[in-house]
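Listing of query_34.pdb, PDB, C-alpha atoms
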ATOM      1  CA  MET A   6     -14.763  -6.167 -18.441
ATOM      2  CA  LYS A   7     -11.829  -6.245 -16.060
ATOM      3  CA  GLN A   8     -10.386  -3.057 -14.558
ATOM      4  CA  LEU A   9      -6.731  -2.620 -13.632
ATOM      5  CA  VAL A  10      -5.525   0.500 -11.794
ATOM      6  CA  MET A  11      -1.919   1.629 -11.512
ATOM      7  CA  LEU A  12      -1.084   3.273  -8.175
ATOM      8  CA  SER A  13       2.098   4.436  -6.510
ATOM      9  CA  GLY A  14       1.428   6.199  -3.215
ATOM     10  CA  LYS A  15       3.724   8.996  -4.425
ATOM     11  CA  GLY A  16       4.547  10.724  -7.674
ATOM     12  CA  GLY A  17       7.477  10.040  -9.964
ATOM     13  CA  THR A  18       7.715   6.264  -9.571
ATOM     14  CA  GLY A  19       7.052   5.434 -13.243
ATOM     15  CA  LYS A  20       3.356   4.617 -12.937
ATOM     16  CA  THR A  21       2.411   6.387 -16.171
ATOM     17  CA  THR A  22       5.273   4.743 -18.064
ATOM     18  CA  VAL A  23       4.054   1.323 -16.927
ATOM     19  CA  THR A  24       0.478   2.177 -17.933
ATOM     20  CA  ALA A  25       1.614   3.216 -21.418
ATOM     21  CA  ALA A  26       3.625   0.009 -21.832
ATOM     22  CA  LEU A  27       0.703  -2.194 -20.772
ATOM     23  CA  ALA A  28      -1.597  -0.320 -23.149
ATOM     24  CA  GLU A  29       0.789  -1.036 -26.008
ATOM     25  CA  LEU A  30       1.085  -4.710 -25.149
ATOM     26  CA  ALA A  31      -2.664  -5.217 -24.734
ATOM     27  CA  GLY A  32      -3.228  -4.474 -28.410
ATOM     28  CA  ARG A  33      -6.729  -3.080 -27.890
ATOM     29  CA  VAL A  34      -7.643  -1.641 -24.515
ATOM     30  CA  MET A  35      -9.714   1.112 -22.907
ATOM     31  CA  ILE A  36      -7.535   3.695 -21.171
ATOM     32  CA  ALA A  37      -8.326   6.265 -18.470
ATOM     33  CA  ASP A  38      -5.938   8.803 -16.967
ATOM     34  CA  CYS A  39      -7.314   9.563 -13.517
ATOM     35  CA  ASP A  40      -4.503  11.886 -12.469
ATOM     36  CA  VAL A  41      -6.640  14.897 -13.320
ATOM     37  CA  GLU A  42      -4.493  17.412 -11.441
ATOM     38  CA  ALA A  43      -1.405  16.660 -13.518
ATOM     39  CA  PRO A  44      -2.367  14.386 -16.431
ATOM     40  CA  ASN A  45       0.528  13.234 -18.570
ATOM     41  CA  LEU A  46      -0.412   9.848 -20.060
ATOM     42  CA  HIS A  47      -1.669  11.671 -23.147
ATOM     43  CA  LEU A  48       1.870  12.992 -23.697
ATOM     44  CA  LEU A  49       3.036   9.415 -24.277
ATOM     45  CA  LEU A  50       0.023   7.913 -26.052
ATOM     46  CA  LYS A  51      -0.771  11.043 -28.086
ATOM     47  CA  PRO A  52      -4.544  10.523 -28.460
ATOM     48  CA  ARG A  53      -6.577  12.278 -31.122
ATOM     49  CA  VAL A  54      -9.291  14.268 -29.357
ATOM     50  CA  LEU A  55     -12.758  13.290 -30.562
ATOM     51  CA  ARG A  56     -14.754  15.500 -28.209
ATOM     52  CA  SER A  57     -14.461  17.372 -24.943
ATOM     53  CA  TYR A  58     -16.727  19.150 -22.507
ATOM     54  CA  ILE A  59     -16.559  21.402 -19.462
ATOM     55  CA  MET A  60     -17.487  20.250 -15.961
ATOM     56  CA  ASN A  61     -18.922  22.705 -13.467
ATOM     57  CA  ILE A  62     -17.809  21.610 -10.013
ATOM     58  CA  SER A  63     -17.819  24.344  -7.393
ATOM     59  CA  ARG A  64     -19.643  27.620  -6.821
ATOM     60  CA  LYS A  65     -18.026  31.051  -6.770
ATOM     61  CA  ALA A  66     -19.461  34.418  -5.739
ATOM     62  CA  CYS A  67     -19.970  37.093  -8.378
ATOM     63  CA  ILE A  68     -21.004  40.692  -7.598
ATOM     64  CA  GLU A  69     -23.191  42.673 -10.010
ATOM     65  CA  PRO A  70     -21.733  46.239  -9.998
ATOM     66  CA  GLU A  71     -25.001  47.880 -11.047
ATOM     67  CA  LYS A  72     -26.838  46.422  -8.044
ATOM     68  CA  CYS A  73     -24.067  46.796  -5.469
ATOM     69  CA  THR A  74     -24.470  49.730  -3.054
ATOM     70  CA  ARG A  75     -20.869  49.410  -1.740
ATOM     71  CA  CYS A  76     -22.100  48.800   1.789
ATOM     72  CA  GLY A  77     -19.132  46.521   2.488
ATOM     73  CA  GLU A  78     -21.196  43.950   4.346
ATOM     74  CA  CYS A  79     -19.996  41.018   2.237
ATOM     75  CA  GLU A  80     -16.332  42.054   2.457
ATOM     76  CA  GLU A  81     -16.542  42.371   6.223
ATOM     77  CA  LYS A  82     -18.258  39.025   6.779
ATOM     78  CA  CYS A  83     -16.206  36.942   4.296
ATOM     79  CA  ARG A  84     -13.977  34.720   6.463
ATOM     80  CA  PHE A  85     -11.761  33.797   3.509
ATOM     81  CA  GLY A  86     -10.817  37.335   2.505
ATOM     82  CA  ALA A  87     -12.082  36.689  -1.018
ATOM     83  CA  ILE A  88     -13.918  40.022  -1.473
ATOM     84  CA  ARG A  89     -12.310  43.399  -2.044
ATOM     85  CA  GLY A  90     -14.845  46.085  -2.892
ATOM     86  CA  ILE A  91     -16.860  44.649  -5.757
ATOM     87  CA  SER A  92     -14.152  42.176  -6.810
ATOM     88  CA  VAL A  93     -14.116  38.493  -5.836
ATOM     89  CA  ASP A  94     -10.922  36.445  -5.896
ATOM     90  CA  PRO A  95     -12.090  33.106  -7.370
ATOM     91  CA  HIS A  96      -9.091  31.263  -5.924
ATOM     92  CA  ALA A  97      -9.891  32.437  -2.384
ATOM     93  CA  CYS A  98     -13.678  32.059  -2.613
ATOM     94  CA  GLU A  99     -14.885  28.815  -1.011
ATOM     95  CA  GLY A 100     -18.410  29.070  -2.403
ATOM     96  CA  CYS A 101     -20.093  29.073   1.003
ATOM     97  CA  GLY A 102     -22.772  31.532  -0.160
ATOM     98  CA  LEU A 103     -22.765  33.714   2.959
ATOM     99  CA  CYS A 104     -22.170  36.881   0.930
ATOM    100  CA  ALA A 105     -25.186  36.167  -1.273
ATOM    101  CA  HIS A 106     -27.302  35.422   1.796
ATOM    102  CA  ILE A 107     -26.522  38.660   3.651
ATOM    103  CA  CYS A 108     -26.344  41.101   0.709
ATOM    104  CA  PRO A 109     -29.141  43.688   1.305
ATOM    105  CA  SER A 110     -29.379  44.546  -2.399
ATOM    106  CA  SER A 111     -29.174  41.008  -3.798
ATOM    107  CA  ALA A 112     -26.113  41.984  -5.776
ATOM    108  CA  VAL A 113     -24.199  38.751  -5.134
ATOM    109  CA  ASN A 114     -24.855  35.668  -7.230
ATOM    110  CA  MET A 115     -23.340  32.201  -6.912
ATOM    111  CA  GLU A 116     -22.044  30.952 -10.244
ATOM    112  CA  SER A 117     -20.428  27.711 -11.374
ATOM    113  CA  PRO A 118     -17.285  28.422 -13.410
ATOM    114  CA  ALA A 119     -15.488  25.856 -15.541
ATOM    115  CA  GLY A 120     -13.967  23.439 -13.039
ATOM    116  CA  ALA A 121     -12.431  20.912 -15.389
ATOM    117  CA  GLU A 122     -12.340  19.856 -19.017
ATOM    118  CA  VAL A 123     -12.916  16.197 -19.882
ATOM    119  CA  PHE A 124     -11.448  14.771 -23.083
ATOM    120  CA  ILE A 125     -12.460  11.665 -25.034
ATOM    121  CA  GLY A 126     -10.051  10.526 -27.710
ATOM    122  CA  GLU A 127      -8.518   7.587 -29.496
ATOM    123  CA  THR A 128      -4.979   6.223 -29.550
ATOM    124  CA  PRO A 129      -3.374   3.499 -31.683
ATOM    125  CA  HIS A 130      -3.986   1.170 -28.728
ATOM    126  CA  GLY A 131      -7.625   2.008 -27.976
ATOM    127  CA  ASP A 132      -9.938   4.750 -26.779
ATOM    128  CA  MET A 133      -8.829   7.057 -23.970
ATOM    129  CA  VAL A 134     -10.475   9.418 -21.485
ATOM    130  CA  TRP A 135      -8.635  12.038 -19.459
ATOM    131  CA  ALA A 136      -9.316  15.418 -17.834
ATOM    132  CA  ARG A 137      -7.602  18.586 -16.731
ATOM    133  CA  LEU A 138      -8.630  20.225 -13.440
ATOM    134  CA  ALA A 139      -8.842  24.024 -13.428
ATOM    135  CA  VAL A 140      -6.362  26.007 -11.337
ATOM    136  CA  GLY A 141      -7.546  26.349  -7.745
ATOM    137  CA  GLU A 142     -10.191  23.613  -7.939
ATOM    138  CA  GLU A 143     -10.121  21.035  -5.159
ATOM    139  CA  ALA A 144     -12.931  18.621  -6.027
ATOM    140  CA  SER A 145     -10.692  16.338  -8.071
ATOM    141  CA  GLY A 146     -12.518  13.220  -6.846
ATOM    142  CA  LYS A 147     -15.638  14.278  -8.748
ATOM    143  CA  VAL A 148     -13.639  14.708 -11.932
ATOM    144  CA  VAL A 149     -11.961  11.311 -11.504
ATOM    145  CA  SER A 150     -15.383   9.704 -11.090
ATOM    146  CA  GLN A 151     -16.549  11.384 -14.287
ATOM    147  CA  VAL A 152     -13.480  10.169 -16.195
ATOM    148  CA  ARG A 153     -14.118   6.611 -15.029
ATOM    149  CA  MET A 154     -17.807   6.809 -15.916
ATOM    150  CA  GLU A 155     -16.952   7.983 -19.430
ATOM    151  CA  ALA A 156     -14.323   5.275 -19.803
ATOM    152  CA  GLN A 157     -16.627   2.523 -18.557
ATOM    153  CA  ALA A 158     -19.467   3.650 -20.834
ATOM    154  CA  THR A 159     -17.164   3.708 -23.859
ATOM    155  CA  ALA A 160     -15.683   0.329 -22.930
ATOM    156  CA  VAL A 161     -19.117  -1.284 -22.708
ATOM    157  CA  GLU A 162     -20.280   0.353 -25.927
ATOM    158  CA  LYS A 163     -17.241  -0.796 -27.911
ATOM    159  CA  GLY A 164     -16.742  -4.160 -26.275
ATOM    160  CA  TYR A 165     -13.420  -3.684 -24.539
ATOM    161  CA  GLU A 166     -12.280  -6.522 -22.302
ATOM    162  CA  LEU A 167      -9.836  -4.495 -20.191
ATOM    163  CA  LEU A 168      -9.848  -0.976 -18.755
ATOM    164  CA  LEU A 169      -6.437   0.396 -17.763
ATOM    165  CA  ILE A 170      -6.554   3.204 -15.203
ATOM    166  CA  ASP A 171      -3.583   5.464 -14.522
ATOM    167  CA  GLY A 172      -4.371   6.526 -10.967
ATOM    168  CA  SER A 173      -3.364   9.580  -8.993
ATOM    169  CA  PRO A 174      -0.396   9.599  -6.611
ATOM    170  CA  GLY A 175      -1.111   9.557  -2.878
ATOM    171  CA  ILE A 176      -4.013   7.933  -1.036
ATOM    172  CA  GLY A 177      -6.551  10.773  -0.987
ATOM    173  CA  CYS A 178      -9.928  11.368  -2.604
ATOM    174  CA  PRO A 179      -8.725  11.067  -6.251
ATOM    175  CA  VAL A 180      -7.138   7.696  -5.478
ATOM    176  CA  ILE A 181     -10.256   6.444  -3.724
ATOM    177  CA  SER A 182     -12.297   7.453  -6.778
ATOM    178  CA  SER A 183      -9.750   5.669  -8.975
ATOM    179  CA  VAL A 184      -9.817   2.324  -7.133
ATOM    180  CA  THR A 185     -13.513   1.913  -6.369
ATOM    181  CA  GLY A 186     -14.787  -1.236  -8.042
ATOM    182  CA  VAL A 187     -11.568  -2.246  -9.823
ATOM    183  CA  HIS A 188     -10.447  -5.874  -9.986
ATOM    184  CA  LEU A 189      -6.719  -5.415  -9.375
ATOM    185  CA  ALA A 190      -4.249  -2.709  -8.326
ATOM    186  CA  LEU A 191      -0.691  -2.695  -9.635
ATOM    187  CA  MET A 192       1.560  -0.691  -7.324
ATOM    188  CA  VAL A 193       4.596   0.877  -8.964
ATOM    189  CA  ALA A 194       7.219   1.597  -6.311
ATOM    190  CA  GLU A 195      10.724   3.025  -6.257
ATOM    191  CA  PRO A 196      13.347   1.721  -3.794
ATOM    192  CA  THR A 197      13.674   4.796  -1.600
ATOM    193  CA  PRO A 198      12.540   5.410   1.988
ATOM    194  CA  SER A 199       9.672   7.650   0.834
ATOM    195  CA  GLY A 200       8.782   5.251  -1.993
ATOM    196  CA  ARG A 201       8.601   2.310   0.407
ATOM    197  CA  HIS A 202       6.621   4.280   2.999
ATOM    198  CA  ASP A 203       4.062   5.526   0.496
ATOM    199  CA  LEU A 204       3.795   2.117  -1.158
ATOM    200  CA  LEU A 205       2.711   0.646   2.171
ATOM    201  CA  ARG A 206       0.066   3.358   2.554
ATOM    202  CA  ALA A 207      -1.226   2.641  -0.961
ATOM    203  CA  LEU A 208      -1.354  -1.097  -0.190
ATOM    204  CA  GLN A 209      -3.334  -0.357   2.976
ATOM    205  CA  THR A 210      -5.750   1.782   0.972
ATOM    206  CA  ALA A 211      -6.323  -0.977  -1.578
ATOM    207  CA  ALA A 212      -6.723  -3.548   1.207
ATOM    208  CA  PHE A 213      -9.353  -1.377   2.897
ATOM    209  CA  PHE A 214     -11.435  -1.589  -0.283
ATOM    210  CA  ARG A 215     -10.666  -5.323  -0.570
ATOM    211  CA  ILE A 216      -8.805  -4.881  -3.844
ATOM    212  CA  PRO A 217      -5.984  -7.382  -4.454
ATOM    213  CA  SER A 218      -2.610  -5.813  -5.195
ATOM    214  CA  LEU A 219       0.581  -6.629  -7.045
ATOM    215  CA  VAL A 220       3.846  -4.707  -6.874
ATOM    216  CA  CYS A 221       6.328  -3.641  -9.525
ATOM    217  CA  ILE A 222       9.637  -2.244  -8.253
ATOM    218  CA  ASN A 223      10.888   0.300 -10.770
ATOM    219  CA  LYS A 224      14.606   1.250 -10.875
ATOM    220  CA  CYS A 225      15.127  -1.686  -8.539
ATOM    221  CA  ASP A 226      18.925  -1.494  -8.705
ATOM    222  CA  MET A 227      19.194   2.106  -7.521
ATOM    223  CA  ASN A 228      19.020   1.178  -3.811
ATOM    224  CA  GLU A 229      19.326  -2.526  -3.083
ATOM    225  CA  VAL A 230      18.780  -2.050   0.667
ATOM    226  CA  GLU A 231      15.401  -0.363   0.156
ATOM    227  CA  ALA A 232      14.486  -2.796  -2.620
ATOM    228  CA  GLU A 233      15.064  -5.701  -0.244
ATOM    229  CA  ARG A 234      12.960  -3.977   2.425
ATOM    230  CA  ILE A 235      10.128  -3.627  -0.089
ATOM    231  CA  ARG A 236      10.396  -7.327  -0.979
ATOM    232  CA  ALA A 237      10.358  -8.316   2.697
ATOM    233  CA  GLU A 238       7.406  -6.115   3.625
ATOM    234  CA  CYS A 239       5.420  -7.278   0.592
ATOM    235  CA  ALA A 240       6.130 -10.883   1.563
ATOM    236  CA  SER A 241       4.918 -10.225   5.113
ATOM    237  CA  LEU A 242       1.697  -8.761   3.710
ATOM    238  CA  GLY A 243       1.199 -11.586   1.235
ATOM    239  CA  VAL A 244       1.594  -9.252  -1.743
ATOM    240  CA  GLU A 245       3.489 -10.584  -4.751
ATOM    241  CA  VAL A 246       6.258  -8.566  -6.393
ATOM    242  CA  VAL A 247       5.596  -9.466 -10.030
ATOM    243  CA  ALA A 248       8.303  -7.352 -11.676
ATOM    244  CA  GLU A 249      11.581  -5.647 -10.924
ATOM    245  CA  ILE A 250      12.715  -3.236 -13.613
ATOM    246  CA  PRO A 251      16.266  -1.878 -13.327
ATOM    247  CA  TYR A 252      17.274   1.660 -14.185
ATOM    248  CA  LEU A 253      17.480   1.781 -17.975
ATOM    249  CA  GLU A 254      18.866   4.787 -19.803
ATOM    250  CA  GLN A 255      16.704   3.863 -22.776
ATOM    251  CA  LEU A 256      13.573   4.511 -20.694
ATOM    252  CA  THR A 257      14.892   7.830 -19.433
ATOM    253  CA  GLU A 258      15.588   8.943 -22.986
ATOM    254  CA  ALA A 259      12.165   7.731 -24.122
ATOM    255  CA  THR A 260      10.499   9.783 -21.397
ATOM    256  CA  ARG A 261      12.471  12.844 -22.424
ATOM    257  CA  LEU A 262      11.251  12.410 -25.993
ATOM    258  CA  CYS A 263       7.642  11.647 -24.893
ATOM    259  CA  LEU A 264       7.861   8.111 -26.238
ATOM    260  CA  THR A 265       6.343   4.951 -24.788
ATOM    261  CA  PRO A 266       8.657   2.144 -23.580
ATOM    262  CA  LEU A 267       8.057  -0.053 -26.615
ATOM    263  CA  GLU A 268       8.744   2.824 -28.982
ATOM    264  CA  THR A 269      12.385   2.541 -27.906
ATOM    265  CA  GLU A 270      12.466  -0.675 -29.975
ATOM    266  CA  ASP A 271      14.888  -2.059 -27.410
ATOM    267  CA  ASP A 272      14.635  -5.813 -26.771
ATOM    268  CA  GLU A 273      15.754  -5.521 -23.148
ATOM    269  CA  VAL A 274      13.068  -2.949 -22.352
ATOM    270  CA  ALA A 275      10.435  -4.997 -24.164
ATOM    271  CA  ARG A 276      11.276  -8.178 -22.236
ATOM    272  CA  TYR A 277      10.776  -6.542 -18.843
ATOM    273  CA  PHE A 278       7.384  -5.126 -19.742
ATOM    274  CA  GLN A 279       6.239  -8.251 -21.575
ATOM    275  CA  SER A 280       6.957 -10.287 -18.447
ATOM    276  CA  LEU A 281       5.030  -7.799 -16.314
ATOM    277  CA  TYR A 282       2.100  -7.817 -18.753
ATOM    278  CA  ASP A 283       1.947 -11.622 -18.812
ATOM    279  CA  LYS A 284       1.902 -11.910 -15.014
ATOM    280  CA  VAL A 285      -0.703  -9.177 -14.521
ATOM    281  CA  THR A 286      -3.095 -10.519 -17.157
ATOM    282  CA  GLU A 287      -2.681 -14.021 -15.750
ATOM    283  CA  LYS A 288      -3.709 -12.761 -12.305
ATOM    284  CA  MET A 289      -6.693 -10.937 -13.782
ATOM    285  CA  GLY A 290      -7.797 -13.839 -15.944
ATOM    286  CA  THR A 291      -7.666 -11.802 -19.153
ATOM    287  CA  SER A 292      -5.940 -14.480 -21.198
ATOM    288  CA  ARG A 293      -8.292 -13.870 -24.128
ATOM    289  CA  LEU A 294      -6.578 -10.578 -24.865
ATOM    290  CA  GLN A 295      -4.571 -10.591 -28.054
ATOM    291  CA  PRO A 296      -1.285  -8.948 -27.048
ATOM    292  CA  ARG A 297       0.983  -7.172 -29.462
ATOM    293  CA  SER A 298       3.946  -9.318 -30.470
ATOM    294  CA  ILE A 299       7.361  -7.943 -29.573
ATOM    295  CA  THR A 300       9.437 -10.661 -31.217
TER     296      THR A 300
END
Could you render the structure as structure tokens?
Amino acid sequence: MKQLVMLSGKGGTGKTTVTAALAELAGRVMIADCDVEAPNLHLLLKPRVLRSYIMNISRKACIEPEKCTRCGECEEKCRFGAIRGISVDPHACEGCGLCAHICPSSAVNMESPAGAEVFIGETPHGDMVWARLAVGEEASGKVVSQVRMEAQATAVEKGYELLLIDGSPGIGCPVISSVTGVHLALMVAEPTPSGRHDLLRALQTAAFFRIPSLVCINKCDMNEVEAERIRAECASLGVEVVAEIPYLEQLTEATRLCLTPLETEDDEVARYFQSLYDKVTEKMGTSRLQPRSIT
């Protein structure tokens, strides 16, 4: 099974739109949304949830009122200001456990609240796994790893040839968890100074893990100067720009209506994404896939 991850370096470049389009064109594909802090691929693909479960990630302090003697020791020693009387602010608590260690009456316990919810579902284009991180949680890399493990297990069980991964923006821990072990990274960039800068950082991240990259310039006609700079810098790095998609009002309207690119039923839109799909699958050697016909 081949694994393709969509990255961007920054948010808002059209990465999720590209992922949805490729999922449609693949015909039958395993899908994983690894942007667990702000998942939105499910808004386009509209999966039917088959099952879900809660992940416990971090630890939080909890004070038992009946045991607490109100000595104030924990409140005084907490360096994060998470304790006020017998109340603990779960968003401020870092789970260090000092309060439980020093409490003379053993009134403080360390508990593991719901840190994320993982969903497994099915779409018209294949099975899908995604997750939603709880407010205030920071260990998103662990959740991304769990999403990928679920997706890989399902893919092996059901015989999928390709796993599409919608990665997180940036280059941090969630992205590292998204790219580990994949066969190819498709960078979706926008022709702006910040888009170009963050694209280069994402390319460096993929190169560090020895993952080959391709680039798709989205809304390529919005800033020709920056688009040309992206082409030049990709050429200097030996990275191929496999697609340039202009600004299309049809895509903007589709996004507003939570539709995938091919659901616009627009031939111009379909041609751009079909060309991108053909070039990416050729690079990955997934020619045995039976793509959906758009003619």
For a quick check of understanding, using all atoms listed in the file, which of A:Glu162, A:Glu80, A:Glu195, A:Asp203 has the smallest distance to Ile176 in chain A?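 Among A:Glu162, A:Glu80, A:Glu195, A:Asp203, it is A:Asp203 that comes nearest to Ile176 in chain A.
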Residue neighbourhood His130 in chain A, 10 Å, all atoms listed in the file, exclusion window fewer than 2 positions, as a list in words: Ala25, Leu27, Ala28, Glu29, Leu30, Ala31, Gly32, Arg33, Val34, Met35, Ile36, Leu50, Pro52, Glu127, Thr128, Asp132, Met133 and Arg297 of chain A
Correct to one decimal, the distance CA of Asp38 in chain A-CA of Phe124 in chain A is 10.2 Å
Counting only C-alpha atoms, what is within 8 Å of range 229-231 of chain A, bar same-chain residues fewer than 6 positions away, as an NGL selection string? :A and (196-198 or 201)
Write to file, as a PDB file, keeping the file's coordinate frame, the residues of the selection just made, with C-alpha atoms.
ATOM      1  CA  PRO A 196      13.347   1.721  -3.794  1.00  0.00           C
ATOM      2  CA  THR A 197      13.674   4.796  -1.600  1.00  0.00           C
ATOM      3  CA  PRO A 198      12.540   5.410   1.988  1.00  0.00           C
ATOM      4  CA  ARG A 201       8.601   2.310   0.407  1.00  0.00           C
TER       5      ARG A 201
END
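The space between CA of Cys101 in chain A and CA of Ala119 in chain A spans 17.5 Å.
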Residue by residue, what does the PyMOL selection byres ((chain A and resi 235) around 9) grab here? Present the result as a compact mmCIF listing (two decimals) with C-alpha atoms, in the coordinates of the input.
# COMPACT_ATOMS: atom_id res chain seq x y z
CA ALA A 194 7.22 1.60 -6.31
CA PRO A 196 13.35 1.72 -3.79
CA ARG A 201 8.60 2.31 0.41
CA LEU A 204 3.80 2.12 -1.16
CA LEU A 205 2.71 0.65 2.17
CA ILE A 222 9.64 -2.24 -8.25
CA VAL A 230 18.78 -2.05 0.67
CA GLU A 231 15.40 -0.36 0.16
CA ALA A 232 14.49 -2.80 -2.62
CA GLU A 233 15.06 -5.70 -0.24
CA ARG A 234 12.96 -3.98 2.42
CA ARG A 236 10.40 -7.33 -0.98
CA ALA A 237 10.36 -8.32 2.70
CA GLU A 238 7.41 -6.12 3.62
CA CYS A 239 5.42 -7.28 0.59
CA ALA A 240 6.13 -10.88 1.56
CA VAL A 246 6.26 -8.57 -6.39
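Pairwise distance (CA of Thr185 in chain A, CA of Gly14 in chain A) equals 15.9 Å.
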Neighbour list for Thr18 in chain A as a list in words, cut-off 12 Å, all atoms listed in the file, skip fewer than 5 positions in-chain: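 Result of the neighbour search: Met11, Leu12, Ser13, Val23, Thr24, Ser173, Pro174, Gly175, Met192, Val193, Ala194, Glu195, Pro196, Thr197, Ser199, Gly200, Arg201, Asp203, Leu204, Val220, Cys221, Ile222, Asn223, Lys224, Cys225, Ile250 and Tyr252 of chain A.
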Just so the selection is clear, what residues does the PyMOL selection byres ((chain A and resi 116) around 7) cover here, as a PyMOL selection string? chain A and resi 64-67+114-115+117-118
Calculated over all atoms listed in the file, which of the candidates A:Gly131, A:Phe214, A:Val148, A:Lys82 has the smallest distance to Lys163 in chain A? A:Gly131
Name the residues in contact with Leu46 in chain A at a cut-off of 9 Å, using only C-alpha atoms, excluding same-chain residues fewer than 5 positions from it; report them as a list in words.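 Residues meeting the cut-off are Thr21, Thr22, Thr24, Ala25, Ala37, Asp38, Asp40, Lys51, Trp135 and Asp171 of chain A.
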Residues selected by the PyMOL selection byres ((chain A and resi 190) around 7), written as an mmCIF file with C-alpha atoms, in the frame of the given file:
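result.cif written:
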data_model
loop_
_atom_site.group_PDB
_atom_site.id
_atom_site.type_symbol
_atom_site.label_atom_id
_atom_site.label_comp_id
_atom_site.auth_asym_id
_atom_site.auth_seq_id
_atom_site.Cartn_x
_atom_site.Cartn_y
_atom_site.Cartn_z
ATOM 1 C CA LEU A 9 -6.731 -2.620 -13.632
ATOM 2 C CA VAL A 10 -5.525 0.500 -11.794
ATOM 3 C CA MET A 11 -1.919 1.629 -11.512
ATOM 4 C CA LEU A 12 -1.084 3.273 -8.175
ATOM 5 C CA LEU A 189 -6.719 -5.415 -9.375
ATOM 6 C CA LEU A 191 -0.691 -2.695 -9.635
ATOM 7 C CA MET A 192 1.560 -0.691 -7.324
ATOM 8 C CA ILE A 216 -8.805 -4.881 -3.844
ATOM 9 C CA PRO A 217 -5.984 -7.382 -4.454
ATOM 10 C CA SER A 218 -2.610 -5.813 -5.195
ATOM 11 C CA LEU A 219 0.581 -6.629 -7.045
#
